[in-house]
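File shown here: input.cif, holding mmCIF, C-alpha atoms.
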data_start
#
loop_
_atom_site.label_atom_id
_atom_site.label_comp_id
_atom_site.auth_asym_id
_atom_site.auth_seq_id
_atom_site.Cartn_x
_atom_site.Cartn_y
_atom_site.Cartn_z
CA MET A 1 68.25 -5.39 -20.03
CA LYS A 2 70.40 -2.93 -18.10
CA GLN A 3 69.30 -2.44 -14.51
CA SER A 4 68.73 1.20 -13.60
CA CYS A 5 70.16 2.61 -10.38
CA VAL A 6 70.21 6.15 -8.98
CA ALA A 7 72.72 7.40 -6.43
CA PHE A 8 71.35 9.69 -3.75
CA ILE A 9 73.83 11.88 -1.89
CA PRO A 10 72.06 13.32 1.17
CA ALA A 11 73.43 16.74 2.09
CA ARG A 12 71.16 18.68 4.38
CA SER A 13 72.37 22.07 5.55
CA GLY A 14 71.52 21.96 9.25
CA SER A 15 74.55 20.23 10.75
CA LYS A 16 75.09 21.39 14.33
CA ARG A 17 78.28 19.65 15.49
CA ILE A 18 80.25 20.77 12.42
CA PRO A 19 78.40 23.65 10.76
CA ASP A 20 78.02 23.13 6.99
CA LYS A 21 80.11 19.97 7.23
CA ASN A 22 78.70 18.57 3.97
CA VAL A 23 80.35 21.37 2.00
CA LYS A 24 83.26 22.20 4.30
CA LYS A 25 86.55 22.11 2.40
CA LEU A 26 88.76 19.05 2.90
CA GLY A 27 91.92 19.18 0.85
CA ASN A 28 91.16 21.36 -2.16
CA HIS A 29 87.43 20.77 -2.47
CA PRO A 30 84.17 20.72 -0.49
CA ILE A 31 83.79 17.29 1.09
CA LEU A 32 80.61 16.69 -0.94
CA ALA A 33 82.68 16.71 -4.13
CA TYR A 34 84.56 13.51 -3.30
CA THR A 35 81.43 11.41 -3.02
CA ILE A 36 80.13 12.83 -6.30
CA GLN A 37 83.43 12.03 -7.99
CA ALA A 38 83.50 8.45 -6.69
CA ALA A 39 79.90 7.89 -7.78
CA LEU A 40 80.49 9.23 -11.30
CA GLU A 41 83.76 7.39 -11.69
CA SER A 42 82.21 4.06 -10.68
CA HIS A 43 79.91 4.06 -13.76
CA VAL A 44 77.37 2.12 -11.69
CA PHE A 45 74.66 4.77 -11.70
CA ASP A 46 72.30 6.13 -14.32
CA ALA A 47 72.04 9.34 -12.31
CA VAL A 48 73.86 10.92 -9.36
CA ILE A 49 71.54 13.21 -7.42
CA CYS A 50 72.26 15.41 -4.44
CA ALA A 51 69.32 15.34 -2.03
CA THR A 52 69.66 18.71 -0.31
CA ASP A 53 67.52 21.44 1.18
CA SER A 54 70.01 24.18 0.25
CA GLN A 55 70.33 26.02 -3.04
CA THR A 56 73.98 26.74 -2.22
CA TYR A 57 74.67 23.05 -1.69
CA ALA A 58 72.79 22.28 -4.90
CA SER A 59 75.01 24.71 -6.82
CA ILE A 60 78.13 23.05 -5.43
CA ALA A 61 76.79 19.59 -6.31
CA THR A 62 75.96 20.52 -9.90
CA TYR A 63 79.37 22.16 -10.34
CA TYR A 64 80.99 18.82 -9.55
CA GLY A 65 78.74 16.84 -11.89
CA ALA A 66 75.74 15.75 -9.84
CA GLU A 67 72.11 16.75 -10.36
CA ALA A 68 69.93 18.60 -7.90
CA PRO A 69 66.51 18.66 -9.58
CA PHE A 70 64.54 19.24 -6.37
CA LEU A 71 65.20 20.81 -2.99
CA ARG A 72 64.12 18.82 0.06
CA SER A 73 61.46 20.49 2.20
CA VAL A 74 62.14 21.52 5.79
CA GLU A 75 59.84 18.73 7.01
CA ILE A 76 62.19 16.02 5.69
CA SER A 77 65.50 17.79 6.33
CA GLY A 78 65.71 17.97 10.10
CA ASP A 79 68.33 16.28 12.28
CA LYS A 80 65.72 13.70 13.31
CA SER A 81 64.33 13.04 9.82
CA SER A 82 64.57 9.37 8.87
CA ASP A 83 66.14 8.22 5.62
CA ILE A 84 62.93 6.66 4.36
CA GLU A 85 61.16 10.03 4.44
CA TRP A 86 63.47 11.77 1.98
CA VAL A 87 64.25 8.66 -0.10
CA GLU A 88 60.57 7.99 -0.72
CA TRP A 89 60.02 11.67 -1.51
CA MET A 90 62.91 11.68 -4.02
CA LEU A 91 61.75 8.49 -5.74
CA VAL A 92 58.19 9.79 -6.05
CA LYS A 93 59.28 13.21 -7.32
CA LEU A 94 61.52 11.59 -9.93
CA SER A 95 58.72 9.25 -10.99
CA GLU A 96 56.43 12.24 -11.49
CA ILE A 97 58.77 13.54 -14.20
CA GLY A 98 59.09 10.13 -15.85
CA ARG A 99 62.28 8.99 -14.16
CA ASP A 100 61.76 5.60 -12.51
CA TYR A 101 64.64 3.59 -11.12
CA GLU A 102 64.76 -0.06 -10.13
CA PHE A 103 67.42 0.50 -7.48
CA PHE A 104 68.85 3.33 -5.42
CA SER A 105 72.00 3.84 -3.41
CA ILE A 106 72.69 6.17 -0.51
CA LEU A 107 76.21 7.61 -0.52
CA ARG A 108 76.80 9.91 2.43
CA PRO A 109 79.18 12.82 1.78
CA THR A 110 80.64 12.52 5.28
CA ASN A 111 82.71 9.60 3.98
CA PRO A 112 85.36 11.22 1.76
CA PHE A 113 87.56 8.12 1.44
CA ARG A 114 85.03 5.87 -0.29
CA SER A 115 86.34 5.15 -3.79
CA ALA A 116 84.80 4.22 -7.12
CA SER A 117 86.22 0.72 -6.70
CA THR A 118 84.42 0.38 -3.35
CA ILE A 119 81.13 1.24 -5.04
CA LYS A 120 81.76 -1.18 -7.92
CA ARG A 121 82.60 -3.99 -5.49
CA ALA A 122 79.40 -3.36 -3.55
CA TRP A 123 77.25 -3.22 -6.68
CA LEU A 124 78.69 -6.53 -7.89
CA ALA A 125 77.91 -8.16 -4.53
CA PHE A 126 74.35 -6.82 -4.54
CA SER A 127 73.47 -7.43 -8.18
CA SER A 128 74.83 -10.98 -8.02
CA ASP A 129 72.24 -11.92 -5.39
CA SER A 130 68.81 -12.04 -7.03
CA LYS A 131 67.02 -12.54 -3.70
CA ALA A 132 68.58 -9.55 -1.96
CA ASP A 133 66.40 -6.59 -0.99
CA SER A 134 69.37 -4.44 -0.10
CA LEU A 135 73.05 -4.24 0.76
CA ARG A 136 74.51 -2.28 3.66
CA ALA A 137 78.12 -1.46 4.49
CA VAL A 138 79.32 -2.69 7.87
CA GLU A 139 82.57 -3.06 9.76
CA LYS A 140 83.61 -5.12 12.75
CA CYS A 141 82.57 -3.10 15.78
CA LYS A 142 85.23 -1.43 17.89
CA GLN A 143 83.00 -1.01 20.94
CA HIS A 144 81.45 -4.42 21.55
CA PRO A 145 77.74 -4.37 22.53
CA GLY A 146 78.52 -6.99 25.15
CA LYS A 147 80.39 -4.27 27.06
CA MET A 148 77.62 -1.67 26.83
CA TRP A 149 75.39 -0.64 29.72
CA GLN A 150 72.07 1.03 30.38
CA ILE A 151 71.87 3.39 33.36
CA ASP A 152 68.75 3.44 35.50
CA GLY A 153 69.02 5.99 38.30
CA ASN A 154 72.16 5.19 40.27
CA ARG A 155 72.42 1.62 38.95
CA MET A 156 73.29 0.11 35.61
CA ASN A 157 72.67 -3.16 33.79
CA PRO A 158 74.39 -4.71 30.79
CA ILE A 159 72.49 -4.30 27.54
CA MET A 160 73.35 -7.89 26.64
CA ALA A 161 73.30 -10.10 29.74
CA CYS A 162 75.15 -13.01 28.10
CA LYS A 163 77.90 -15.23 29.43
CA ILE A 164 80.75 -17.42 28.28
CA GLY A 165 80.46 -20.22 30.78
CA SER A 166 80.08 -18.34 34.04
CA VAL A 167 81.87 -15.18 32.84
CA PRO A 168 79.65 -12.26 31.74
CA TRP A 169 80.41 -10.81 28.33
CA HIS A 170 81.22 -7.46 29.94
CA SER A 171 84.04 -9.13 31.88
CA SER A 172 85.40 -11.16 28.94
CA GLN A 173 88.25 -10.34 26.58
CA TYR A 174 87.15 -8.79 23.30
CA GLN A 175 88.82 -11.66 21.39
CA ASN A 176 86.60 -14.21 23.16
CA LEU A 177 83.33 -12.49 22.28
CA PRO A 178 81.20 -13.30 19.21
CA GLU A 179 81.85 -11.04 16.23
CA PHE A 180 79.44 -8.13 15.83
CA TYR A 181 79.29 -5.58 13.04
CA ALA A 182 78.24 -1.94 13.01
CA GLN A 183 76.85 -0.15 9.98
CA ASN A 184 78.99 2.67 8.67
CA ALA A 185 78.72 5.61 6.30
CA SER A 186 80.16 3.95 3.21
CA LEU A 187 77.02 3.05 1.27
CA GLU A 188 73.65 1.36 1.00
CA ILE A 189 72.00 -0.13 -2.08
CA ALA A 190 68.40 -1.28 -2.24
CA LYS A 191 65.48 -2.04 -4.50
CA ALA A 192 63.22 0.99 -4.94
CA SER A 193 60.25 -1.32 -4.34
CA VAL A 194 61.20 -1.90 -0.69
CA VAL A 195 60.57 1.79 -0.10
CA LEU A 196 57.62 2.37 -2.42
CA ASP A 197 55.75 -0.89 -1.76
CA HIS A 198 56.83 -1.97 1.71
CA ASN A 199 57.66 1.27 3.55
CA SER A 200 61.14 0.01 4.42
CA ILE A 201 64.58 1.39 3.67
CA SER A 202 66.25 -2.03 3.49
CA GLY A 203 63.69 -4.86 3.32
CA ASP A 204 64.31 -8.22 4.98
CA GLN A 205 67.04 -9.79 2.83
CA ILE A 206 70.09 -7.64 3.55
CA VAL A 207 73.51 -8.43 2.09
CA PRO A 208 76.49 -7.47 4.31
CA PHE A 209 79.22 -5.47 2.63
CA ILE A 210 82.24 -5.58 4.93
CA THR A 211 84.45 -2.55 4.42
CA SER A 212 88.15 -2.41 5.09
CA GLY A 213 90.59 0.35 5.94
CA PHE A 214 88.98 3.78 5.72
CA GLU A 215 86.21 2.79 3.29
CA GLY A 216 83.67 3.28 6.06
CA PHE A 217 85.20 6.36 7.68
CA ASP A 218 82.53 8.83 8.79
CA ILE A 219 82.93 12.44 9.84
CA ASN A 220 80.40 13.18 12.56
CA MET A 221 82.32 15.01 15.26
CA PHE A 222 84.97 17.74 15.13
CA GLU A 223 87.64 15.23 16.15
CA ASP A 224 86.70 13.08 13.13
CA TRP A 225 87.46 16.05 10.91
CA LEU A 226 90.84 16.54 12.56
CA LEU A 227 91.61 12.85 12.09
CA ALA A 228 90.68 13.04 8.39
CA GLU A 229 93.10 15.94 7.93
CA GLN A 230 95.85 14.01 9.71
CA LEU A 231 95.24 10.90 7.60
CA LEU A 232 95.65 12.99 4.47
CA ALA A 233 98.69 14.88 5.78
CA HIS A 234 100.47 11.60 6.56
CA GLU A 235 99.24 9.89 3.35
CA LYS A 236 97.40 7.17 5.27
CA ALA A 237 94.21 7.71 3.29
CA LYS A 238 93.45 8.99 -0.20
CA LEU A 239 90.70 11.17 -1.61
CA PRO A 240 89.16 10.57 -5.05
CA GLU A 241 91.02 12.71 -7.59
CA ILE A 242 89.09 15.68 -8.97
CA SER A 243 90.30 17.43 -12.12
CA LEU A 244 88.05 20.50 -11.78
CA PRO A 245 89.33 23.70 -10.18
CA PRO A 246 87.99 24.10 -6.63
CA TYR A 247 84.48 25.52 -6.39
CA GLU A 248 84.38 29.24 -5.64
CA ASN A 249 81.31 31.13 -4.46
#

Can you dump the structure from the file as structure tokens?
Amino acid sequence: MKQSCVAFIPARSGSKRIPDKNVKKLGNHPILAYTIQAALESHVFDAVICATDSQTYASIATYYGAEAPFLRSVEISGDKSSDIEWVEWMLVKLSEIGRDYEFFSILRPTNPFRSASTIKRAWLAFSSDSKADSLRAVEKCKQHPGKMWQIDGNRMNPIMACKIGSVPWHSSQYQNLPEFYAQNASLEIAKASVVLDHNSISGDQIVPFITSGFEGFDINMFEDWLLAEQLLAHEKAKLPEISLPPYEN
């Protein structure tokens, strides 16, 4: 029997560092459109749903082929709202109208360079592991945690007080340190049951999905946006191709 999976694209409207970044135009289209296109083109999902609190964002999402059957409430759309709050809400709301899914994926629109092939690769890795609760995209960290510090008054201490022989990690070459990975904005896939039955967004058995190149690129700060534009201008990265005319208000 075919396994059912829904893609959730979270696009709240309250971004402060880059106002309206989820629908800001990159190239010819709002950035949200590229994640929708990649999700649809992957043919992994039974539904692609934009989880937004904005009717304007919802209109943009539906223009590009996603659904927006419900608007998120203010209570689960703040800058400190956790993923599990809105994911659980979406799964329950969908179930109430007879739409139950075995799996869900979170595809953040702030990653415009994620492709359909990335999604297909991740789904194959996740669905091939029957014991997995979830899969999460990660990349080798650029800032090693062994070189991070916590400040207490006018003193500081290393977050990880480890050593290689007698040499502290913070004084060691990056190449000598153990490999660590940081999660990125590419994607997450999980069983719906880990949310509905166990109040967790990922469960205990988490499959690593190691991204390469710009698959995990995330636009959080203004300088990230400038870098994305430069990558496109110099053809170092590629956006999913969209055949529709650009959305107009």

Could you tell me which residues the PyMOL selection byres ((chain A and resi 38) around 9) returns for this structure, as a PyMOL selection string?
chain A and resi 33-37+39-42+114-119+240-241

For those residues, write C-alpha atoms to a file as a short mmCIF file (atom, residue, chain, number, x, y, z; two decimals), in the frame of the given file.
data_model
loop_
_atom_site.label_atom_id
_atom_site.label_comp_id
_atom_site.auth_asym_id
_atom_site.auth_seq_id
_atom_site.Cartn_x
_atom_site.Cartn_y
_atom_site.Cartn_z
CA ALA A 33 82.68 16.71 -4.13
CA TYR A 34 84.56 13.51 -3.30
CA THR A 35 81.43 11.41 -3.02
CA ILE A 36 80.13 12.83 -6.30
CA GLN A 37 83.43 12.03 -7.99
CA ALA A 39 79.90 7.89 -7.78
CA LEU A 40 80.49 9.23 -11.30
CA GLU A 41 83.76 7.39 -11.69
CA SER A 42 82.21 4.06 -10.68
CA ARG A 114 85.03 5.87 -0.29
CA SER A 115 86.34 5.15 -3.79
CA ALA A 116 84.80 4.22 -7.12
CA SER A 117 86.22 0.72 -6.70
CA THR A 118 84.42 0.38 -3.35
CA ILE A 119 81.13 1.24 -5.04
CA PRO A 240 89.16 10.57 -5.05
CA GLU A 241 91.02 12.71 -7.59
#

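Summary of the local environment: counting all atoms listed in the file, residues at most 10 Å from Pro69 of chain A, other than itself and those fewer than 5 positions away along its chain, are A:Ile49, A:Cys50, A:Ala51, A:Thr52, A:Ala58, A:Thr62, A:Met90, A:Lys93, A:Leu94.
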
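Running the PyMOL selection byres ((chain A and resi 31) around 8) on this file leaves Lys21, Asn22, Val23, Lys24, Lys25, Leu26, His29, Pro30, Leu32, Ala33, Tyr34, Thr35, Pro109, Thr110 and Pro112 of chain A selected.
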
Among A:Ile9, A:Leu187, A:Ile18, A:Val194, Trp225 of chain A is approached most closely, using only C-alpha atoms, by A:Ile18

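Excluding Glu139 of chain A itself and any same-chain residue fewer than 2 positions from it, the protein and nucleic acid residues within 8 Å of it, counting only C-alpha atoms, are Ala137, Cys141, Tyr181, Ala182, Gln183, Asn184, Ile210, Thr211, Ser212 and Gly216 of chain A.
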
Let me make sure I understand: among A:His170, A:Arg72, A:His43, A:Lys191, which one has the smallest atom-to-atom distance to Asp100 of chain A if we use all atoms listed in the file?
A:Lys191

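Going from atom CA of Leu244 of chain A over to atom CA of Glu223 of chain A, you cover 28.4 Å.
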
For Ala185 of chain A, list every protein, DNA or RNA residue within 7 Å, evaluated using all atoms listed in the file, and leave out those in the same chain fewer than 4 positions away; present the list as an MDAnalysis selection string.
chainID A and resid 108 111 216:218

Considering all atoms listed in the file, state which residue in the set A:Asp83, A:Glu229, A:Asp133, A:Asp20 is at the smallest distance from Gly203 of chain A.
A:Asp133

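The spacing separating atom CA of Asp46 of chain A from atom CA of Val87 of chain A amounts to 16.5 Å.
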
Missing atoms of segment 150-166 of chain A rebuilt to N, CA and C atoms, written as a PDB file, in the coordinates of the input:
ATOM      1  N   GLN A 150      73.190   0.103  30.291  1.00  0.00           N
ATOM      2  CA  GLN A 150      72.070   1.030  30.380  1.00  0.00           C
ATOM      3  C   GLN A 150      71.965   1.501  31.817  1.00  0.00           C
ATOM      4  N   ILE A 151      71.918   2.831  32.010  1.00  0.00           N
ATOM      5  CA  ILE A 151      71.870   3.390  33.360  1.00  0.00           C
ATOM      6  C   ILE A 151      70.437   3.671  33.764  1.00  0.00           C
ATOM      7  N   ASP A 152      70.086   3.215  34.940  1.00  0.00           N
ATOM      8  CA  ASP A 152      68.750   3.440  35.500  1.00  0.00           C
ATOM      9  C   ASP A 152      68.947   4.021  36.898  1.00  0.00           C
ATOM     10  N   GLY A 153      68.776   5.339  37.021  1.00  0.00           N
ATOM     11  CA  GLY A 153      69.020   5.990  38.300  1.00  0.00           C
ATOM     12  C   GLY A 153      70.483   5.909  38.680  1.00  0.00           C
ATOM     13  N   ASN A 154      70.769   5.334  39.848  1.00  0.00           N
ATOM     14  CA  ASN A 154      72.160   5.190  40.270  1.00  0.00           C
ATOM     15  C   ASN A 154      72.647   3.748  40.141  1.00  0.00           C
ATOM     16  N   ARG A 155      72.010   2.990  39.243  1.00  0.00           N
ATOM     17  CA  ARG A 155      72.420   1.620  38.950  1.00  0.00           C
ATOM     18  C   ARG A 155      72.532   1.440  37.445  1.00  0.00           C
ATOM     19  N   MET A 156      73.233   0.403  37.035  1.00  0.00           N
ATOM     20  CA  MET A 156      73.290   0.110  35.610  1.00  0.00           C
ATOM     21  C   MET A 156      73.273  -1.394  35.368  1.00  0.00           C
ATOM     22  N   ASN A 157      72.777  -1.758  34.184  1.00  0.00           N
ATOM     23  CA  ASN A 157      72.670  -3.160  33.790  1.00  0.00           C
ATOM     24  C   ASN A 157      73.248  -3.329  32.386  1.00  0.00           C
ATOM     25  N   PRO A 158      73.864  -4.485  32.130  1.00  0.00           N
ATOM     26  CA  PRO A 158      74.390  -4.710  30.790  1.00  0.00           C
ATOM     27  C   PRO A 158      73.266  -4.801  29.766  1.00  0.00           C
ATOM     28  N   ILE A 159      73.487  -4.228  28.601  1.00  0.00           N
ATOM     29  CA  ILE A 159      72.490  -4.300  27.540  1.00  0.00           C
ATOM     30  C   ILE A 159      72.311  -5.740  27.065  1.00  0.00           C
ATOM     31  N   MET A 160      73.400  -6.483  27.040  1.00  0.00           N
ATOM     32  CA  MET A 160      73.350  -7.890  26.640  1.00  0.00           C
ATOM     33  C   MET A 160      73.847  -8.732  27.803  1.00  0.00           C
ATOM     34  N   ALA A 161      72.943  -9.336  28.542  1.00  0.00           N
ATOM     35  CA  ALA A 161      73.300 -10.100  29.740  1.00  0.00           C
ATOM     36  C   ALA A 161      73.647 -11.542  29.363  1.00  0.00           C
ATOM     37  N   CYS A 162      74.708 -11.683  28.576  1.00  0.00           N
ATOM     38  CA  CYS A 162      75.150 -13.010  28.100  1.00  0.00           C
ATOM     39  C   CYS A 162      76.422 -13.424  28.826  1.00  0.00           C
ATOM     40  N   LYS A 163      76.723 -14.713  28.745  1.00  0.00           N
ATOM     41  CA  LYS A 163      77.900 -15.230  29.430  1.00  0.00           C
ATOM     42  C   LYS A 163      78.656 -16.212  28.553  1.00  0.00           C
ATOM     43  N   ILE A 164      79.931 -16.337  28.821  1.00  0.00           N
ATOM     44  CA  ILE A 164      80.750 -17.420  28.280  1.00  0.00           C
ATOM     45  C   ILE A 164      81.063 -18.318  29.474  1.00  0.00           C
ATOM     46  N   GLY A 165      80.383 -19.433  29.556  1.00  0.00           N
ATOM     47  CA  GLY A 165      80.460 -20.220  30.780  1.00  0.00           C
ATOM     48  C   GLY A 165      79.813 -19.432  31.903  1.00  0.00           C
ATOM     49  N   SER A 166      80.590 -19.131  32.919  1.00  0.00           N
ATOM     50  CA  SER A 166      80.080 -18.340  34.040  1.00  0.00           C
ATOM     51  C   SER A 166      80.526 -16.885  33.989  1.00  0.00           C
TER      52      SER A 166
END
